[in-house]
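One file, work00.pdb, carrying PDB, C-alpha atoms:
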ATOM      1  CA  ALA S 705      34.797 -17.673 -21.703
ATOM      2  CA  ALA S 706      33.599 -16.156 -18.469
ATOM      3  CA  THR S 707      29.913 -15.381 -18.314
ATOM      4  CA  LYS S 708      29.082 -11.748 -17.669
ATOM      5  CA  PRO S 709      27.181 -11.539 -14.366
ATOM      6  CA  ARG S 710      23.582 -10.463 -14.659
ATOM      7  CA  LEU S 711      22.799  -7.292 -12.755
ATOM      8  CA  PRO S 712      19.713  -7.286 -10.553
ATOM      9  CA  PRO S 713      16.711  -5.246 -11.705
ATOM     10  CA  ARG S 714      16.802  -1.564 -10.833
ATOM     11  CA  MET S 715      15.097  -0.569  -7.619
ATOM     12  CA  CYS S 716      12.302   1.937  -8.314
ATOM     13  CA  VAL S 717      10.649   3.005  -5.089
ATOM     14  CA  ALA S 718       9.710   6.629  -5.734
ATOM     15  CA  LEU S 719       7.818   6.599  -8.994
ATOM     16  CA  SER S 720       5.575   9.584  -9.594
ATOM     17  CA  THR S 721       3.110  10.114 -12.408
ATOM     18  CA  ASP S 722       5.752  12.049 -14.372
ATOM     19  CA  ALA S 723       8.433   9.452 -13.651
ATOM     20  CA  ILE S 724       6.205   6.683 -14.997
ATOM     21  CA  SER S 725       5.746   8.629 -18.242
ATOM     22  CA  ARG S 726       9.514   9.158 -18.577
ATOM     23  CA  ARG S 727      10.316   5.516 -17.887
ATOM     24  CA  ARG S 728       7.718   4.396 -20.424
ATOM     25  CA  ARG S 729       9.612   6.292 -23.128
ATOM     26  CA  MET S 730      12.895   4.694 -22.045
ATOM     27  CA  LEU S 731      11.725   1.098 -21.616
ATOM     28  CA  SER S 732      11.726  -1.546 -24.317
ATOM     29  CA  SER S 733      10.327  -5.040 -24.022
ATOM     30  CA  SER S 734      13.845  -6.305 -23.315
ATOM     31  CA  THR S 735      14.319  -3.961 -20.331
ATOM     32  CA  ALA S 736      10.880  -4.310 -18.755
ATOM     33  CA  PRO S 737      11.063  -5.891 -15.272
ATOM     34  CA  GLU S 738      10.577  -9.667 -15.246
ATOM     35  CA  ASN S 739      10.390 -10.224 -11.495
ATOM     36  CA  ALA S 740       8.518  -7.337  -9.907
ATOM     37  CA  ILE S 741       6.689  -6.449  -6.731
ATOM     38  CA  VAL S 742       4.328  -3.484  -6.625
ATOM     39  CA  PHE S 743       3.650  -1.727  -3.308
ATOM     40  CA  ARG S 744       0.460   0.333  -2.778
ATOM     41  CA  HIS S 745       0.328   2.838   0.067
ATOM     42  CA  GLY S 746      -2.638   3.738   2.249
ATOM     43  CA  ALA S 747      -4.738   6.847   2.791
ATOM     44  CA  GLY S 748      -2.720  10.022   3.219
ATOM     45  CA  MET S 749       0.581   8.155   2.849
ATOM     46  CA  ASP S 750       3.200   7.656   0.131
ATOM     47  CA  HIS S 751       5.814   5.129  -1.013
ATOM     48  CA  THR S 752       8.103   5.735   2.001
ATOM     49  CA  VAL S 753       5.945   3.628   4.336
ATOM     50  CA  TRP S 754       7.246   0.581   2.436
ATOM     51  CA  SER S 755      10.952   1.489   2.780
ATOM     52  CA  ALA S 756      11.999  -1.576   4.786
ATOM     53  CA  GLN S 757      10.170  -4.033   2.550
ATOM     54  CA  ALA S 758      11.358  -2.304  -0.628
ATOM     55  CA  ARG S 759      14.996  -2.550   0.471
ATOM     56  CA  HIS S 760      14.600  -6.208   1.393
ATOM     57  CA  PHE S 761      13.210  -7.321  -1.958
ATOM     58  CA  ALA S 762      15.383  -5.033  -4.080
ATOM     59  CA  SER S 763      18.517  -6.422  -2.425
ATOM     60  CA  ARG S 764      17.403  -9.874  -3.579
ATOM     61  CA  GLY S 765      17.104  -8.965  -7.239
ATOM     62  CA  VAL S 766      13.418  -8.081  -7.351
ATOM     63  CA  ALA S 767      12.273  -4.999  -9.264
ATOM     64  CA  VAL S 768      10.492  -2.883  -6.655
ATOM     65  CA  LEU S 769       7.806  -0.516  -7.934
ATOM     66  CA  ALA S 770       6.044   1.825  -5.520
ATOM     67  CA  PRO S 771       4.231   4.565  -7.438
ATOM     68  CA  ASP S 772       2.691   7.331  -5.359
ATOM     69  CA  PHE S 773      -1.007   7.698  -6.084
ATOM     70  CA  PRO S 774      -1.966  11.032  -7.715
ATOM     71  CA  GLY S 775      -1.986  13.853  -5.181
ATOM     72  CA  HIS S 776       0.388  11.978  -2.842
ATOM     73  CA  GLY S 777       4.133  12.086  -2.318
ATOM     74  CA  ARG S 778       5.872  12.930  -5.591
ATOM     75  CA  SER S 779       2.823  12.478  -7.811
ATOM     76  CA  ALA S 780       1.013  15.592  -8.982
ATOM     77  CA  GLY S 781      -2.649  15.894  -9.894
ATOM     78  CA  PRO S 782      -5.845  15.677  -7.873
ATOM     79  CA  PRO S 783      -6.382  12.633  -5.639
ATOM     80  CA  LEU S 784      -8.656  10.004  -7.144
ATOM     81  CA  PRO S 785     -12.077   9.649  -5.510
ATOM     82  CA  THR S 786     -12.782   5.907  -5.633
ATOM     83  CA  VAL S 787     -11.058   2.556  -5.220
ATOM     84  CA  ALA S 788     -12.051   1.735  -8.805
ATOM     85  CA  ALA S 789     -10.301   4.864 -10.099
ATOM     86  CA  LEU S 790      -7.184   4.068  -8.050
ATOM     87  CA  ALA S 791      -7.164   0.538  -9.474
ATOM     88  CA  ASP S 792      -7.577   1.913 -13.015
ATOM     89  CA  TRP S 793      -4.593   4.231 -12.457
ATOM     90  CA  THR S 794      -2.491   1.392 -11.036
ATOM     91  CA  ILE S 795      -3.207  -0.835 -14.016
ATOM     92  CA  ARG S 796      -2.327   1.989 -16.421
ATOM     93  CA  ALA S 797       0.959   2.470 -14.539
ATOM     94  CA  LEU S 798       1.679  -1.261 -14.807
ATOM     95  CA  ASP S 799       1.024  -1.147 -18.555
ATOM     96  CA  ALA S 800       3.138   2.001 -18.975
ATOM     97  CA  LEU S 801       6.072   0.292 -17.259
ATOM     98  CA  ARG S 802       5.512  -2.835 -19.378
ATOM     99  CA  VAL S 803       5.178  -5.094 -16.357
ATOM    100  CA  ALA S 804       3.716  -8.356 -17.625
ATOM    101  CA  ASN S 805       3.032  -9.752 -14.153
ATOM    102  CA  ALA S 806       3.875  -8.891 -10.568
ATOM    103  CA  VAL S 807       3.288  -9.559  -6.911
ATOM    104  CA  PHE S 808       1.123  -6.889  -5.273
ATOM    105  CA  ALA S 809       1.371  -5.739  -1.665
ATOM    106  CA  GLY S 810      -0.929  -3.067  -0.269
ATOM    107  CA  HIS S 811      -1.692  -1.435   3.046
ATOM    108  CA  SER S 812      -5.150  -0.258   4.124
ATOM    109  CA  MET S 813      -6.596   1.719   1.178
ATOM    110  CA  GLY S 814      -3.700   0.393  -0.899
ATOM    111  CA  ALA S 815      -4.622  -3.157   0.098
ATOM    112  CA  ARG S 816      -8.156  -2.615  -1.125
ATOM    113  CA  VAL S 817      -6.735  -1.270  -4.401
ATOM    114  CA  ALA S 818      -4.367  -4.249  -4.709
ATOM    115  CA  LEU S 819      -7.312  -6.589  -4.116
ATOM    116  CA  GLU S 820      -9.264  -4.885  -6.897
ATOM    117  CA  VAL S 821      -6.304  -5.113  -9.282
ATOM    118  CA  ALA S 822      -5.836  -8.827  -8.524
ATOM    119  CA  ALA S 823      -9.532  -9.500  -9.102
ATOM    120  CA  ARG S 824      -9.403  -7.775 -12.482
ATOM    121  CA  LEU S 825      -6.045  -8.919 -13.857
ATOM    122  CA  GLY S 826      -6.148 -12.614 -13.049
ATOM    123  CA  GLY S 827      -2.894 -14.288 -14.075
ATOM    124  CA  ARG S 828      -0.957 -11.012 -14.291
ATOM    125  CA  VAL S 829      -0.908 -10.919 -10.484
ATOM    126  CA  ARG S 830       1.392 -13.704  -9.210
ATOM    127  CA  GLY S 831       0.791 -13.093  -5.526
ATOM    128  CA  LEU S 832      -1.186 -10.797  -3.254
ATOM    129  CA  ALA S 833      -0.322  -9.453   0.213
ATOM    130  CA  LEU S 834      -3.046  -7.471   1.981
ATOM    131  CA  VAL S 835      -1.899  -5.616   5.102
ATOM    132  CA  GLY S 836      -4.304  -3.820   7.433
ATOM    133  CA  VAL S 837      -7.377  -4.529   5.334
ATOM    134  CA  ALA S 838     -10.995  -5.239   6.210
ATOM    135  CA  GLU S 839     -14.079  -6.729   4.615
ATOM    136  CA  ARG S 840     -15.657  -3.298   4.960
ATOM    137  CA  MET S 841     -13.263  -0.315   5.110
ATOM    138  CA  ALA S 842     -15.546   1.808   7.282
ATOM    139  CA  VAL S 843     -14.201   5.151   8.523
ATOM    140  CA  ASN S 844     -15.166   6.776  11.796
ATOM    141  CA  PRO S 845     -17.691   9.517  10.860
ATOM    142  CA  GLU S 846     -15.953  12.195  12.942
ATOM    143  CA  LEU S 847     -12.582  11.335  11.388
ATOM    144  CA  ARG S 848     -14.045  11.545   7.908
ATOM    145  CA  ARG S 849     -15.682  14.908   8.627
ATOM    146  CA  ALA S 850     -12.450  16.330  10.049
ATOM    147  CA  ALA S 851     -10.355  15.067   7.144
ATOM    148  CA  GLU S 852     -12.740  16.366   4.492
ATOM    149  CA  ALA S 853     -12.706  19.753   6.240
ATOM    150  CA  GLY S 854      -8.897  19.738   6.308
ATOM    151  CA  GLU S 855      -8.788  19.935  10.109
ATOM    152  CA  ASP S 856      -5.577  19.073  11.944
ATOM    153  CA  ARG S 857      -7.449  16.911  14.443
ATOM    154  CA  ALA S 858      -7.902  14.313  11.680
ATOM    155  CA  VAL S 859      -4.154  13.706  11.819
ATOM    156  CA  ASP S 860      -4.249  13.395  15.612
ATOM    157  CA  MET S 861      -7.057  10.834  15.428
ATOM    158  CA  ILE S 862      -5.220   8.656  12.922
ATOM    159  CA  LEU S 863      -2.021   8.763  14.976
ATOM    160  CA  GLU S 864      -3.941   7.807  18.123
ATOM    161  CA  TRP S 865      -5.883   4.943  16.533
ATOM    162  CA  GLY S 866      -3.354   3.796  13.957
ATOM    163  CA  PHE S 867      -0.461   2.606  16.114
ATOM    164  CA  GLY S 868      -0.062  -0.211  18.588
ATOM    165  CA  GLU S 869       2.342  -0.534  21.497
ATOM    166  CA  ARG S 870       5.469   0.338  19.509
ATOM    167  CA  GLY S 871       3.967   3.636  18.429
ATOM    168  CA  ALA S 872       3.739   4.714  22.069
ATOM    169  CA  VAL S 873       7.439   4.231  22.840
ATOM    170  CA  GLY S 874       9.057   5.845  19.783
ATOM    171  CA  GLY S 875      11.878   4.519  17.658
ATOM    172  CA  ASN S 876      11.500   2.686  14.390
ATOM    173  CA  LEU S 877      12.776  -0.635  13.107
ATOM    174  CA  ALA S 878      12.652   0.728   9.542
ATOM    175  CA  PRO S 879      15.962   2.524   8.810
ATOM    176  CA  GLY S 880      15.851   6.319   8.966
ATOM    177  CA  LEU S 881      12.251   6.660  10.118
ATOM    178  CA  TRP S 882      10.498   7.703  13.332
ATOM    179  CA  LEU S 883       7.152   5.991  13.748
ATOM    180  CA  LYS S 884       4.648   8.669  14.666
ATOM    181  CA  GLY S 885       6.779  11.586  13.480
ATOM    182  CA  HIS S 886       7.057  10.156   9.973
ATOM    183  CA  ALA S 887       3.339   9.376   9.847
ATOM    184  CA  ARG S 888       2.434  12.852  11.117
ATOM    185  CA  ARG S 889       4.483  14.575   8.450
ATOM    186  CA  LEU S 890       2.969  12.449   5.677
ATOM    187  CA  LEU S 891      -0.568  13.042   6.916
ATOM    188  CA  GLU S 892      -0.010  16.774   7.320
ATOM    189  CA  ARG S 893       1.279  17.001   3.751
ATOM    190  CA  SER S 894      -1.762  15.145   2.404
ATOM    191  CA  LEU S 895      -4.404  16.691   4.652
ATOM    192  CA  ARG S 896      -5.638  19.134   2.003
ATOM    193  CA  PRO S 897      -7.247  17.542   0.034
ATOM    194  CA  ALA S 898      -5.926  13.999  -0.385
ATOM    195  CA  LEU S 899      -6.648  12.568   3.067
ATOM    196  CA  GLY S 900     -10.350  13.403   3.026
ATOM    197  CA  THR S 901     -10.707  12.070  -0.523
ATOM    198  CA  ASP S 902      -8.907   8.847   0.423
ATOM    199  CA  LEU S 903     -10.999   8.213   3.520
ATOM    200  CA  ALA S 904     -14.212   8.876   1.613
ATOM    201  CA  ALA S 905     -13.121   6.356  -1.043
ATOM    202  CA  CYS S 906     -12.573   3.732   1.651
ATOM    203  CA  ASP S 907     -15.778   4.511   3.514
ATOM    204  CA  GLU S 908     -17.979   4.304   0.440
ATOM    205  CA  GLU S 909     -16.419   1.159  -1.014
ATOM    206  CA  ARG S 910     -18.586  -1.978  -0.795
ATOM    207  CA  GLY S 911     -17.061  -4.460  -3.230
ATOM    208  CA  ALA S 912     -14.263  -6.129  -1.246
ATOM    209  CA  ALA S 913     -16.073  -9.432  -0.711
ATOM    210  CA  ASP S 914     -16.898  -9.827  -4.395
ATOM    211  CA  ALA S 915     -13.352  -8.904  -5.420
ATOM    212  CA  ALA S 916     -11.890 -11.409  -2.952
ATOM    213  CA  ALA S 917     -13.938 -14.210  -4.445
ATOM    214  CA  ARG S 918     -12.371 -13.519  -7.870
ATOM    215  CA  VAL S 919      -8.737 -13.722  -6.716
ATOM    216  CA  ARG S 920      -6.905 -16.755  -8.093
ATOM    217  CA  CYS S 921      -3.297 -16.171  -6.993
ATOM    218  CA  PRO S 922      -1.525 -17.101  -3.728
ATOM    219  CA  ALA S 923      -2.527 -14.583  -1.060
ATOM    220  CA  VAL S 924      -1.612 -13.611   2.476
ATOM    221  CA  VAL S 925      -3.713 -11.347   4.709
ATOM    222  CA  VAL S 926      -1.827  -9.622   7.536
ATOM    223  CA  TRP S 927      -3.107  -7.624  10.492
ATOM    224  CA  GLY S 928      -1.898  -6.338  13.818
ATOM    225  CA  ALA S 929      -3.485  -7.846  16.917
ATOM    226  CA  GLY S 930      -4.073  -4.328  18.220
ATOM    227  CA  ASP S 931      -5.411  -2.801  15.003
ATOM    228  CA  ARG S 932      -8.279  -0.447  15.878
ATOM    229  CA  MET S 933      -8.872   0.812  12.333
ATOM    230  CA  THR S 934      -9.234  -2.488  10.446
ATOM    231  CA  PRO S 935      -9.831  -5.100  13.187
ATOM    232  CA  GLY S 936      -8.534  -8.620  12.745
ATOM    233  CA  ALA S 937     -12.005 -10.170  12.825
ATOM    234  CA  SER S 938     -12.980  -8.268   9.677
ATOM    235  CA  ALA S 939      -9.653  -9.012   7.993
ATOM    236  CA  SER S 940     -10.132 -12.704   8.779
ATOM    237  CA  ARG S 941     -13.597 -12.711   7.209
ATOM    238  CA  LEU S 942     -12.174 -11.160   4.051
ATOM    239  CA  ALA S 943      -9.345 -13.705   3.955
ATOM    240  CA  ALA S 944     -11.892 -16.532   4.146
ATOM    241  CA  ARG S 945     -13.316 -15.355   0.817
ATOM    242  CA  ILE S 946      -9.949 -15.709  -0.962
ATOM    243  CA  ALA S 947      -9.294 -19.299  -1.999
ATOM    244  CA  GLY S 948      -6.294 -20.698  -0.128
ATOM    245  CA  ALA S 949      -5.356 -17.413   1.560
ATOM    246  CA  VAL S 950      -2.896 -17.553   4.451
ATOM    247  CA  THR S 951      -3.494 -15.315   7.478
ATOM    248  CA  VAL S 952      -0.884 -13.728   9.749
ATOM    249  CA  GLU S 953      -1.655 -11.880  12.979
ATOM    250  CA  ILE S 954       1.215  -9.813  14.411
ATOM    251  CA  PRO S 955       1.191  -9.495  18.217
ATOM    252  CA  ARG S 956       1.459  -6.091  19.947
ATOM    253  CA  CYS S 957       0.975  -4.310  16.638
ATOM    254  CA  GLY S 958      -1.534  -1.783  15.358
ATOM    255  CA  HIS S 959      -2.759  -0.686  11.932
ATOM    256  CA  MET S 960       0.628   0.579  10.699
ATOM    257  CA  SER S 961       2.203  -2.858  10.863
ATOM    258  CA  MET S 962       4.649  -2.462   7.961
ATOM    259  CA  VAL S 963       6.479   0.251   9.933
ATOM    260  CA  GLU S 964       5.707  -1.005  13.448
ATOM    261  CA  GLU S 965       6.924  -4.560  12.751
ATOM    262  CA  PRO S 966       8.646  -4.400   9.338
ATOM    263  CA  ALA S 967      10.425  -7.753   9.648
ATOM    264  CA  ALA S 968       7.192  -9.618  10.369
ATOM    265  CA  VAL S 969       5.393  -7.976   7.449
ATOM    266  CA  THR S 970       8.342  -8.631   5.135
ATOM    267  CA  ALA S 971       8.349 -12.300   6.123
ATOM    268  CA  ALA S 972       4.632 -12.551   5.459
ATOM    269  CA  ILE S 973       4.992 -11.009   1.989
ATOM    270  CA  ALA S 974       7.899 -13.348   1.222
ATOM    271  CA  ARG S 975       5.536 -16.298   1.627
ATOM    272  CA  ILE S 976       3.809 -15.397  -1.635
ATOM    273  CA  ALA S 977       6.517 -13.359  -3.446
TER     274      ALA S 977
END
Encoded form using structure tokens:
Amino acid sequence: AATKPRLPPRMCVALSTDAISRRRRMLSSSTAPENAIVFRHGAGMDHTVWSAQARHFASRGVAVLAPDFPGHGRSAGPPLPTVAALADWTIRALDALRVANAVFAGHSMGARVALEVAARLGGRVRGLALVGVAERMAVNPELRRAAEAGEDRAVDMILEWGFGERGAVGGNLAPGLWLKGHARRLLERSLRPALGTDLAACDEERGAADAAARVRCPAVVVWGAGDRMTPGASASRLAARIAGAVTVEIPRCGHMSMVEEPAAVTAAIARIA
């Protein structure tokens, strides 16, 4: 008798807090994703920054989970004030979706959260991709003040410092997106109050080095050669604290590497996924 083909796991790239609760009620142990990758977005962003990578892995049978943090994208509620609280929320979401283990990929603030989750969960994290991360996620004081005050100039500063050469010429290699226009709209939506809360969480966080030393899964650390927000030297120092971590520097690329050079970031994640 012919064997019924197995359908690939469902792609879930826009999970909100409410959606996670609904899916928890629907899921049984037999329908929980077996081969999953969890994407964590950065400060003031949402799941859409991972569109190219999500499509790549979902088309290859991987369950793609990209929950928006509270107060971002489609998730309601106040933004969470610390990396520890964001990691707690992420772990609760993982448990609610009955994900036994997964690969984690994070950008900027989301990378720091992914690092914290990997340090805590041990064997439940099969691989770790940190994009645009630093040993110390320091925030320019003027940017932090502007963001916490809800001033539009905070958005302008991030757009100026966050993109490399591709950001200056327009276009986007990720389908359906415009580099700076997409980022501007996301940041404007999150400016009051999520962006200021996010940047404060990054600026006040001091535990990245300790968390890195506790990671036991395959890891890749990725940065753009032109990143002015989380410079490669700091990313490299953090990578050195993760046993066996691979490093990837992307030429002519800034902080927003997953949208500036989506193919290069996807390839880097695939090394550990």
Open item on the list: Env of stretch 904-914 of chain S: 9 Å cut, atoms = all atoms listed in the file, seq-sep filter 2 positions within chain, self excluded. Answer as a ChimeraX atom specification.
Closed with: /S:747,784-788,812-813,816,819-820,823,838-844,848,852,899-902,916-918,941-942,945-946
Mind checking which residues fall within 7 Å of S:Gly814, counting only C-alpha atoms, ignoring those fewer than 3 positions away in the same chain, and posting them as a PDB file with C-alpha atoms, in the coordinates of the input?
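For reference, result_34.pdb as written:
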ATOM      1  CA  ARG S 744       0.460   0.333  -2.778  1.00  0.00           C
ATOM      2  CA  HIS S 745       0.328   2.838   0.067  1.00  0.00           C
ATOM      3  CA  GLY S 746      -2.638   3.738   2.249  1.00  0.00           C
ATOM      4  CA  GLY S 810      -0.929  -3.067  -0.269  1.00  0.00           C
ATOM      5  CA  HIS S 811      -1.692  -1.435   3.046  1.00  0.00           C
ATOM      6  CA  VAL S 817      -6.735  -1.270  -4.401  1.00  0.00           C
ATOM      7  CA  ALA S 818      -4.367  -4.249  -4.709  1.00  0.00           C
TER       8      ALA S 818
END
Open item on the list: Please expand the PyMOL selection byres ((chain S and resi 834) around 7) into the concrete residues it hits in this file, giving the result as a list in words.
Closed with: Ala809, Gly810, His811, Ala815, Leu832, Ala833, Val835, Gly836, Val837, Val924, Val925 and Val926 of chain S
TODO: Using only C-alpha atoms, collect all residues at a distance of at most 7 Å from (-3.3, 10.7, -5.3) as written in the file, then present them as a list in words.
DONE: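 Residues with an atom at most 7 Å from (-3.3, 10.7, -5.3): Asp772, Phe773, Pro774, Gly775, His776, Ser779, Gly781, Pro782, Pro783, Leu784 and Ala898 of chain S.
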TODO: Name the residues captured by the PyMOL selection byres ((chain S and resi 929-932) around 9) when it is applied to the shown file; answer as a list in words.
DONE: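 In the shown coordinates, the PyMOL selection byres ((chain S and resi 929-932) around 9) covers Gly836, Trp865, Gly866, Phe867, Gly868, Glu869, Trp927, Gly928, Met933, Thr934, Pro935, Gly936, Glu953, Ile954, Pro955, Arg956, Cys957, Gly958, His959, Met960 and Ser961 of chain S.
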Would you save the residues of that selection, restricted to C-alpha atoms, as a compact mmCIF listing (two decimals), in the coordinates of the input?
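Full text of again.txt as output:
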# COMPACT_ATOMS: atom_id res chain seq x y z
CA GLY S 836 -4.30 -3.82 7.43
CA TRP S 865 -5.88 4.94 16.53
CA GLY S 866 -3.35 3.80 13.96
CA PHE S 867 -0.46 2.61 16.11
CA GLY S 868 -0.06 -0.21 18.59
CA GLU S 869 2.34 -0.53 21.50
CA TRP S 927 -3.11 -7.62 10.49
CA GLY S 928 -1.90 -6.34 13.82
CA MET S 933 -8.87 0.81 12.33
CA THR S 934 -9.23 -2.49 10.45
CA PRO S 935 -9.83 -5.10 13.19
CA GLY S 936 -8.53 -8.62 12.74
CA GLU S 953 -1.66 -11.88 12.98
CA ILE S 954 1.22 -9.81 14.41
CA PRO S 955 1.19 -9.49 18.22
CA ARG S 956 1.46 -6.09 19.95
CA CYS S 957 0.98 -4.31 16.64
CA GLY S 958 -1.53 -1.78 15.36
CA HIS S 959 -2.76 -0.69 11.93
CA MET S 960 0.63 0.58 10.70
CA SER S 961 2.20 -2.86 10.86
TODO: Taking the file as shown, find all residues satisfying the PyMOL selection byres ((chain S and resi 873) around 12) and write them as a list in words.
DONE: Phe867, Gly868, Glu869, Arg870, Gly871, Ala872, Gly874, Gly875, Asn876, Trp882, Leu883, Lys884, Gly885 and Glu964 of chain S
